[in-house]
Amino acid sequence: MRIHKIASIPADGIGPEVIDAGLQVLDALEQRDGGFALEVEHFDWGSDYYKVHGEMMPADGLDRIKGKDAIFFGAVGAPDVPDHVTLWGLRLPICQGFDQYANVRPTRILPGIPSPLAGKGPGNLDWVIIRENSEGEYSGAGGRVHRGLPEEVATEVSIFTRTGVTRIMRFAFAMAQSRTRKLLTVVTKSNAQRHGMVMWDEIAEDVAADFPDVTWDKMLVDAMTVRMTLHPESLDTIVATNLHADVLSDLAGALAGSIGVAPTANIDPERRNPSMFEPIHGSAFDITGKGIANPVATFWTACQMLEHLGEASAADSLMKAIEGVCAAGISTPDVGGSATTQEVTEAVVEAIRAANE
């Protein structure tokens with residue numbers, strides 16, 4: 001029996017709802033497969049924890065989860081806690097503390113999920129967006145002086161290191177190489193950002209020499225939004241900076257029908273630390289407690305986690321169950337359906353069980 005130790009951090013908003021749904025389908029997969037088990041330990045960190053303790057997680061939080069094989073994460077964000085407190089208090093310390101420098105966001109139009117791209121359906125949009133996850137625009141460098149005065153100055157410094165850019169570029173080229181089309185688009189803004197982004201471009205060209213079988217091109221980030229919208233079939237694997245990929249991956253989720261179906265993995269490719277898996281939709285406090293949060297993003301995220309843990313067969317079974325349920329029209333209101341979170345979850349669980357009969 002293969003045992004995988006999982007840290008469950010549901011956190012805020014709809015996070016507990018979708019993580020609970022994800023654990024239900026993972027339990028069904030365990031029972032179906034019989035060859036692996038997940039030992040899940042729950043951590044109540046997040047905004048509610050902050051309101052009691054004055055911090056999003058305890059000071060020894062990273063030490064408490066470092067020995068896990070993976071982290072299953074919900075969302076951070078609360079209307080009565082500043083966003084920079086929630087993000088920098090929990091999610092970013094985990095990503096940066098565990099050097100999860102590769103953020104991987106697959107995007108496809110799933111069967112039965114309507115896309116706003118006119119005339120486009122499954123097969124026309126099949127991307128993997130690679131986001132540099134450790135530096136860039138979210139490095140945390142900068143500050144404020146003369147607070148409250150007319151001459152107040154705030155700086156937000158983007159940090160690009162040769163080491164950081166090279167490793168994410170190599171990861172992206174390798175990802176493109178592993179996919180059928182072997183096509184990579186490098187997103188940049190080197191016409192206006194003439195230091196860090198020019199180095200980004202130069203390193204891309206250097207790394208490309210080691211991947212002669214990968215076809216690659218370069219797009220300015222503003223032009224990239226047009227290409228994603230009008231010519232989605234021209235793209236396959238995409239690599240971009242921390243900020244640029246953050247924005248583009250939300251656009252990608254919307255183009256695929258809803259960010260409620262969009263997954264993400266925060267990966268330490270060297271496996272020195274646990275990697276973290278989360279849906280990208282955020283805490284969505286406007287629908288918290290209504291029972292209508294879309295669990296598909298969390299299920300797809302669970303597929304990524306299973307693949308990372310070496311459970312490829314279980315990941316494939318879960319993805320087939322997700323696609324079958326979506327194709328059958330069992331979906332939440334954000335993608336035009338009327339099902340509840342639990343009804344979608346039960347349908348996926350049933351599809352997993354039925355596949356084993």
# chains A, B, ... in the order shown; residues from 1 in each chain; ligands from 1
>>> residues_around(residues="Ala256 (chain A)", least_positions_apart="6", cutoff="9 Å", atoms="only C-alpha atoms", output="list in words")
Thr107, Arg108, Ile109, Leu110, Ile113, Pro114, Ser115, Pro116, Leu117, Gly121, Leu125 and Ala262 of chain A
>>> residues_around(residues="Asp12 (chain A)", least_positions_apart="6", cutoff="8 Å", atoms="only C-alpha atoms", output="ChimeraX atom specification")
/A:46-48,74-78,283
>>> write_last_selection(atoms="N, CA and C atoms", output="PDB file, in the first residue's frame")
ATOM      1  N   GLY A  46      -5.950  30.441   8.291  1.00  0.00           N
ATOM      2  CA  GLY A  46      -6.682  31.320   7.385  1.00  0.00           C
ATOM      3  C   GLY A  46      -7.161  32.561   8.110  1.00  0.00           C
ATOM      4  N   SER A  47      -8.158  33.212   7.543  1.00  0.00           N
ATOM      5  CA  SER A  47      -8.629  34.481   8.096  1.00  0.00           C
ATOM      6  C   SER A  47      -9.298  34.334   9.451  1.00  0.00           C
ATOM      7  N   ASP A  48     -10.057  33.262   9.671  1.00  0.00           N
ATOM      8  CA  ASP A  48     -10.661  33.046  10.986  1.00  0.00           C
ATOM      9  C   ASP A  48      -9.575  32.835  12.042  1.00  0.00           C
ATOM     10  N   GLY A  74      -7.248  25.456  -0.192  1.00  0.00           N
ATOM     11  CA  GLY A  74      -8.509  26.020  -0.650  1.00  0.00           C
ATOM     12  C   GLY A  74      -8.360  27.394  -1.261  1.00  0.00           C
ATOM     13  N   ALA A  75      -8.445  28.435  -0.445  1.00  0.00           N
ATOM     14  CA  ALA A  75      -8.355  29.809  -0.940  1.00  0.00           C
ATOM     15  C   ALA A  75      -8.118  30.735   0.236  1.00  0.00           C
ATOM     16  N   VAL A  76      -7.528  31.893  -0.031  1.00  0.00           N
ATOM     17  CA  VAL A  76      -7.408  32.910   1.013  1.00  0.00           C
ATOM     18  C   VAL A  76      -8.109  34.185   0.561  1.00  0.00           C
ATOM     19  N   GLY A  77      -8.586  34.933   1.545  1.00  0.00           N
ATOM     20  CA  GLY A  77      -9.246  36.201   1.255  1.00  0.00           C
ATOM     21  C   GLY A  77     -10.523  36.328   2.059  1.00  0.00           C
ATOM     22  N   ALA A  78     -10.683  37.461   2.728  1.00  0.00           N
ATOM     23  CA  ALA A  78     -11.887  37.719   3.514  1.00  0.00           C
ATOM     24  C   ALA A  78     -12.222  39.198   3.403  1.00  0.00           C
ATOM     25  N   SER A 283     -11.508  32.969  -2.843  1.00  0.00           N
ATOM     26  CA  SER A 283     -12.408  32.643  -1.736  1.00  0.00           C
ATOM     27  C   SER A 283     -13.884  32.883  -2.048  1.00  0.00           C
TER      28      SER A 283
END
>>> residues_around(residues="Glu41 (chain A)", least_positions_apart="5", cutoff="12 Å", atoms="only C-alpha atoms", output="PyMOL selection string")
chain A and resi 4-10+23+64-65+67-73
>>> atom_distance(atom1="CA of Arg353 (chain A)", atom2="CA of Leu29 (chain A)")
8.1 Å
>>> residues_around(residues="Asp236 (chain A)", least_positions_apart="3", cutoff="12 Å", atoms="only C-alpha atoms", output="ChimeraX atom specification")
/A:105-108,123-130,172-173,175-186,214-217,227-228,231-233,239,252
>>> decode(residues="region 295-351 of chain A", atoms="C-alpha atoms", output="PDB file, in the first residue's frame")
ATOM      1  CA  PRO A 295     -15.901  21.963  -7.319  1.00  0.00           C
ATOM      2  CA  VAL A 296     -14.510  21.068 -10.763  1.00  0.00           C
ATOM      3  CA  ALA A 297     -11.417  23.235 -10.345  1.00  0.00           C
ATOM      4  CA  THR A 298     -10.649  21.426  -7.098  1.00  0.00           C
ATOM      5  CA  PHE A 299     -11.215  18.020  -8.705  1.00  0.00           C
ATOM      6  CA  TRP A 300      -8.875  18.912 -11.564  1.00  0.00           C
ATOM      7  CA  THR A 301      -6.384  20.201  -8.995  1.00  0.00           C
ATOM      8  CA  ALA A 302      -6.666  16.811  -7.275  1.00  0.00           C
ATOM      9  CA  CYS A 303      -5.735  15.212 -10.624  1.00  0.00           C
ATOM     10  CA  GLN A 304      -2.565  17.286 -10.669  1.00  0.00           C
ATOM     11  CA  MET A 305      -1.796  16.266  -7.102  1.00  0.00           C
ATOM     12  CA  LEU A 306      -2.292  12.578  -7.886  1.00  0.00           C
ATOM     13  CA  GLU A 307      -0.028  12.825 -10.927  1.00  0.00           C
ATOM     14  CA  HIS A 308       2.638  14.497  -8.796  1.00  0.00           C
ATOM     15  CA  LEU A 309       2.331  11.685  -6.236  1.00  0.00           C
ATOM     16  CA  GLY A 310       2.841   9.072  -8.949  1.00  0.00           C
ATOM     17  CA  GLU A 311      -0.796   7.930  -9.046  1.00  0.00           C
ATOM     18  CA  ALA A 312      -1.290   8.448 -12.781  1.00  0.00           C
ATOM     19  CA  SER A 313      -4.033   5.830 -13.125  1.00  0.00           C
ATOM     20  CA  ALA A 314      -6.134   7.425 -10.394  1.00  0.00           C
ATOM     21  CA  ALA A 315      -5.576  10.869 -11.916  1.00  0.00           C
ATOM     22  CA  ASP A 316      -6.737   9.602 -15.306  1.00  0.00           C
ATOM     23  CA  SER A 317      -9.828   8.000 -13.776  1.00  0.00           C
ATOM     24  CA  LEU A 318     -10.735  11.210 -11.995  1.00  0.00           C
ATOM     25  CA  MET A 319     -10.292  13.309 -15.134  1.00  0.00           C
ATOM     26  CA  LYS A 320     -12.534  10.951 -17.109  1.00  0.00           C
ATOM     27  CA  ALA A 321     -15.165  11.154 -14.371  1.00  0.00           C
ATOM     28  CA  ILE A 322     -15.002  14.964 -14.404  1.00  0.00           C
ATOM     29  CA  GLU A 323     -15.403  15.091 -18.178  1.00  0.00           C
ATOM     30  CA  GLY A 324     -18.287  12.625 -18.118  1.00  0.00           C
ATOM     31  CA  VAL A 325     -20.200  14.557 -15.473  1.00  0.00           C
ATOM     32  CA  CYS A 326     -19.630  17.885 -17.264  1.00  0.00           C
ATOM     33  CA  ALA A 327     -20.715  16.364 -20.588  1.00  0.00           C
ATOM     34  CA  ALA A 328     -23.912  15.121 -18.914  1.00  0.00           C
ATOM     35  CA  GLY A 329     -24.770  18.711 -17.975  1.00  0.00           C
ATOM     36  CA  ILE A 330     -24.426  18.232 -14.223  1.00  0.00           C
ATOM     37  CA  SER A 331     -22.899  21.579 -13.366  1.00  0.00           C
ATOM     38  CA  THR A 332     -23.148  24.578 -11.046  1.00  0.00           C
ATOM     39  CA  PRO A 333     -24.715  27.960 -11.939  1.00  0.00           C
ATOM     40  CA  ASP A 334     -21.418  29.645 -12.912  1.00  0.00           C
ATOM     41  CA  VAL A 335     -21.339  27.490 -16.052  1.00  0.00           C
ATOM     42  CA  GLY A 336     -25.063  27.587 -16.747  1.00  0.00           C
ATOM     43  CA  GLY A 337     -26.185  24.623 -14.659  1.00  0.00           C
ATOM     44  CA  SER A 338     -28.475  24.282 -11.650  1.00  0.00           C
ATOM     45  CA  ALA A 339     -26.681  21.635  -9.608  1.00  0.00           C
ATOM     46  CA  THR A 340     -25.262  22.216  -6.158  1.00  0.00           C
ATOM     47  CA  THR A 341     -21.670  21.627  -5.135  1.00  0.00           C
ATOM     48  CA  GLN A 342     -22.659  18.385  -3.438  1.00  0.00           C
ATOM     49  CA  GLU A 343     -24.715  17.153  -6.398  1.00  0.00           C
ATOM     50  CA  VAL A 344     -21.740  17.606  -8.740  1.00  0.00           C
ATOM     51  CA  THR A 345     -19.518  15.900  -6.182  1.00  0.00           C
ATOM     52  CA  GLU A 346     -21.866  12.936  -5.812  1.00  0.00           C
ATOM     53  CA  ALA A 347     -22.090  12.613  -9.603  1.00  0.00           C
ATOM     54  CA  VAL A 348     -18.296  12.465  -9.902  1.00  0.00           C
ATOM     55  CA  VAL A 349     -18.081   9.946  -7.049  1.00  0.00           C
ATOM     56  CA  GLU A 350     -20.700   7.792  -8.742  1.00  0.00           C
ATOM     57  CA  ALA A 351     -18.847   8.001 -12.063  1.00  0.00           C
TER      58      ALA A 351
END
